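Chemist: Got a structure here, written out as structure tokens. Questions coming.
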Amino acid sequence: MEALLTAPASDYSSQMVSLERPALTDEADWIARAQRSDSKAFEYLYRMHIDRVYGLCLRMTGNVSEAEDCAQDAFIQAWSKLDRFRGDSAFGTWLHRIAVNAVLGRIRKSKREQDRIQIAFEQSSSPVSATDHGEMRDLSEAVDRLPEGARHVFVLHAVYGYSHEETGNMLDIAAGTSKAQLHRARRLLAQQLKEQGFEE
Amino acid sequence: MNETDDKLAMAARGLATEIAPERDLWPGIEAAINAPKRSRWTPILAQAAAVVLLVGASSMVTYVVVKYDDANTPPQTVVQVAPSNLVFEQAAFGPDHTLDSLYGRAGGNVESDLDRELQNLSPEAREDINRNLAVMRQAIDEISAALEKEPNNVFLQELLVEAYGNELAMMNRVGNMTQRVMARKDI
């Protein structure tokens, strides 16, 4: 650093450029590299998107270890399907869709395990709520207590902002069903929050 | 949408959408994507396929040996054959299934023909046949053992039927050798 300060401006400016990240900053370039089996590029994409993918998995499962497994599954599946990504949607949306499938797949695969997890979860505080504060924490815990179908729709539509059509596509249900589940989720949430003294 | 719904919708938008996992998940992902791709063949299927190949190959060898012996070997002196390793065993498809009685009857008939014909073969040919029969029976035992673990595995059941069929066919071929020789018009 001292060398930079004492060096002539023309010298250190050229050195500063070399300290920056390589010129490859566009996500599309990283995707293209990953599609050519560059695992380092894929790691970069993972670092960019993991928080959002993990957040979705955690909100949908309500369980840390399940969410970790789902997020890992999602990225592993994304790697194997990368050649099918054509850029029709944002890469993050494409990853989200894979993550939703990973969550639903795990739920279908081991329903009994899910029940066990649900019981364990009900006996402990919400892992998701740790990331939220105050009223948000109450809401987060209430969302976690929603029935599975209503919770999935609420998380995708109300929290992540997907339309009912997109939510329906991801969950393999009709848009009308998504609307009905959202209505049910709102009703249950209002009821829960009212019981907890959540301010109207 | 009433006031509560509005408030809920706004609150939902305020929930965190990005949550960092408590541990770095990349090492597990990296290990999975860099692992050599596994064959879709499961070990049990691979073993079963190997058994089929083994049975097929041994049948072919026996056929060639018997045919060669049939055409070139003059009648040999009668030799007492130890029948202990050629006892026709009770076959079964694991604990839940049994073979049709037709197979048992056919096996019984073929066994006596086989013993008789083996006595007419050269010691080398007899040894080849016994060895191949032993291989087939070992294959049958292995498939039966696998079936005991997976009694409803249709693939294994089919393999076992095929293995029994091969065994029976070979015994039958050897057992009818004299008849075939007698039926030939070129000698």
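The chains in the structure tokens are called A, B, ... from first to last as shown; in each chain the residues are counted from 1, and the ligands are counted from 1 in the order shown.
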Per residue of chain B within 7 Å of chain A, note the shortest atom pair and the distance in Å to one decimal, counting only C-alpha atoms, and order the rows by chain and increasing residue number, as JSON lines.

Modeler:
```
{"residue": "B:Thr4", "atom": "CA", "partner": "A:Glu200", "partner_atom": "CA", "distance": 6.5}
{"residue": "B:Asp5", "atom": "CA", "partner": "A:Arg186", "partner_atom": "CA", "distance": 6.6}
{"residue": "B:Ala9", "atom": "CA", "partner": "A:Ala158", "partner_atom": "CA", "distance": 6.2}
{"residue": "B:Ala11", "atom": "CA", "partner": "A:Met136", "partner_atom": "CA", "distance": 6.9}
{"residue": "B:Ala12", "atom": "CA", "partner": "A:Val159", "partner_atom": "CA", "distance": 5.1}
{"residue": "B:Arg13", "atom": "CA", "partner": "A:Val159", "partner_atom": "CA", "distance": 5.2}
{"residue": "B:Leu15", "atom": "CA", "partner": "A:Met136", "partner_atom": "CA", "distance": 6.3}
{"residue": "B:Ala16", "atom": "CA", "partner": "A:Asp132", "partner_atom": "CA", "distance": 6.7}
{"residue": "B:Thr17", "atom": "CA", "partner": "A:Gly55", "partner_atom": "CA", "distance": 5.6}
{"residue": "B:Glu18", "atom": "CA", "partner": "A:Arg52", "partner_atom": "CA", "distance": 4.3}
{"residue": "B:Ile19", "atom": "CA", "partner": "A:Gly55", "partner_atom": "CA", "distance": 4.6}
{"residue": "B:Ala20", "atom": "CA", "partner": "A:Asp51", "partner_atom": "CA", "distance": 4.7}
{"residue": "B:Pro21", "atom": "CA", "partner": "A:Tyr54", "partner_atom": "CA", "distance": 6.5}
{"residue": "B:Leu25", "atom": "CA", "partner": "A:Gln72", "partner_atom": "CA", "distance": 6.5}
{"residue": "B:Ile29", "atom": "CA", "partner": "A:Gln72", "partner_atom": "CA", "distance": 5.9}
{"residue": "B:Ala32", "atom": "CA", "partner": "A:Ile76", "partner_atom": "CA", "distance": 6.9}
{"residue": "B:Ile33", "atom": "CA", "partner": "A:Ile76", "partner_atom": "CA", "distance": 6.4}
```

Chemist: Restricting the output to C-alpha atoms, write the selected residues as a JSON list (two decimals), in the first residue's frame.

Modeler:
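The result, stored in out10.json:
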```json
[["chain", "number", "residue", "atom", "x", "y", "z"],
["B", 4, "THR", "CA", -55.55, -6.77, 7.46],
["B", 5, "ASP", "CA", -54.68, -8.35, 4.12],
["B", 9, "ALA", "CA", -49.00, -8.24, 2.31],
["B", 11, "ALA", "CA", -45.34, -7.21, 6.21],
["B", 12, "ALA", "CA", -44.66, -10.25, 4.02],
["B", 13, "ARG", "CA", -42.70, -8.04, 1.65],
["B", 15, "LEU", "CA", -39.54, -10.56, 5.46],
["B", 16, "ALA", "CA", -35.96, -11.41, 4.57],
["B", 17, "THR", "CA", -35.67, -13.13, 1.20],
["B", 18, "GLU", "CA", -31.92, -13.64, 1.43],
["B", 19, "ILE", "CA", -30.73, -15.74, 4.33],
["B", 20, "ALA", "CA", -27.14, -16.90, 4.61],
["B", 21, "PRO", "CA", -26.78, -20.58, 5.51],
["B", 25, "LEU", "CA", -22.57, -25.51, 1.41],
["B", 29, "ILE", "CA", -21.74, -29.23, -3.93],
["B", 32, "ALA", "CA", -20.86, -33.85, -5.92],
["B", 33, "ILE", "CA", -20.29, -32.07, -9.22]]
```

Chemist: So which residues touch A:Glu165 within 12 Å, counting only C-alpha atoms, skipping near sequence neighbours fewer than 3 positions away, as a PyMOL selection string?

Modeler: chain A and resi 153+156-157+161-162+168-179

Chemist: Export N, CA and C atoms of the chosen residues as a short mmCIF file (atom, residue, chain, number, x, y, z; two decimals), in the first residue's frame?

Modeler:
```
data_model
loop_
_atom_site.label_atom_id
_atom_site.label_comp_id
_atom_site.auth_asym_id
_atom_site.auth_seq_id
_atom_site.Cartn_x
_atom_site.Cartn_y
_atom_site.Cartn_z
N VAL A 153 -47.38 -21.36 -1.11
CA VAL A 153 -47.94 -20.28 -1.94
C VAL A 153 -47.63 -18.92 -1.31
N LEU A 156 -43.91 -18.03 -1.85
CA LEU A 156 -43.55 -17.68 -3.24
C LEU A 156 -44.24 -16.40 -3.70
N HIS A 157 -45.52 -16.26 -3.36
CA HIS A 157 -46.28 -15.11 -3.88
C HIS A 157 -46.07 -13.86 -3.01
N GLY A 161 -42.68 -12.56 -4.23
CA GLY A 161 -43.26 -11.70 -5.27
C GLY A 161 -43.56 -12.37 -6.60
N TYR A 162 -43.64 -13.68 -6.63
CA TYR A 162 -44.01 -14.33 -7.89
C TYR A 162 -45.51 -14.19 -8.10
N GLY A 168 -48.07 -21.00 -9.46
CA GLY A 168 -48.75 -22.23 -9.87
C GLY A 168 -47.83 -23.12 -10.68
N ASN A 169 -47.09 -22.50 -11.62
CA ASN A 169 -46.16 -23.29 -12.44
C ASN A 169 -45.10 -23.97 -11.58
N MET A 170 -44.56 -23.23 -10.64
CA MET A 170 -43.50 -23.79 -9.80
C MET A 170 -44.01 -24.94 -8.93
N LEU A 171 -45.22 -24.76 -8.42
CA LEU A 171 -45.76 -25.77 -7.50
C LEU A 171 -46.60 -26.82 -8.21
N ASP A 172 -46.70 -26.66 -9.54
CA ASP A 172 -47.50 -27.59 -10.35
C ASP A 172 -48.97 -27.60 -9.90
N ILE A 173 -49.49 -26.41 -9.67
CA ILE A 173 -50.92 -26.27 -9.34
C ILE A 173 -51.48 -25.16 -10.23
N ALA A 174 -52.82 -25.10 -10.31
CA ALA A 174 -53.45 -24.06 -11.13
C ALA A 174 -53.31 -22.70 -10.44
N ALA A 175 -53.34 -21.64 -11.26
CA ALA A 175 -53.25 -20.29 -10.69
C ALA A 175 -54.40 -20.05 -9.72
N GLY A 176 -55.58 -20.58 -10.04
CA GLY A 176 -56.74 -20.43 -9.15
C GLY A 176 -56.50 -21.09 -7.80
N THR A 177 -55.84 -22.24 -7.83
CA THR A 177 -55.52 -22.93 -6.57
C THR A 177 -54.54 -22.10 -5.76
N SER A 178 -53.60 -21.48 -6.46
CA SER A 178 -52.63 -20.62 -5.79
C SER A 178 -53.36 -19.47 -5.07
N LYS A 179 -54.35 -18.88 -5.77
CA LYS A 179 -55.12 -17.78 -5.17
C LYS A 179 -55.88 -18.27 -3.94
#
```

Chemist: Rank A:Arg184, A:Arg145, A:Glu166, A:Tyr44 by their smallest atom-to-atom distance to A:Thr93, using only C-alpha atoms, and report the top residue only.

Modeler: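 Closest to A:Thr93, using only C-alpha atoms: A:Glu166.
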
Chemist: Could you state the separation of atom CA of B:Asp113 and atom CA of B:Arg173 in Å, given to one decimal place?

Modeler: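 Computed distance, atom CA of B:Asp113 to atom CA of B:Arg173, equals 9.7 Å.
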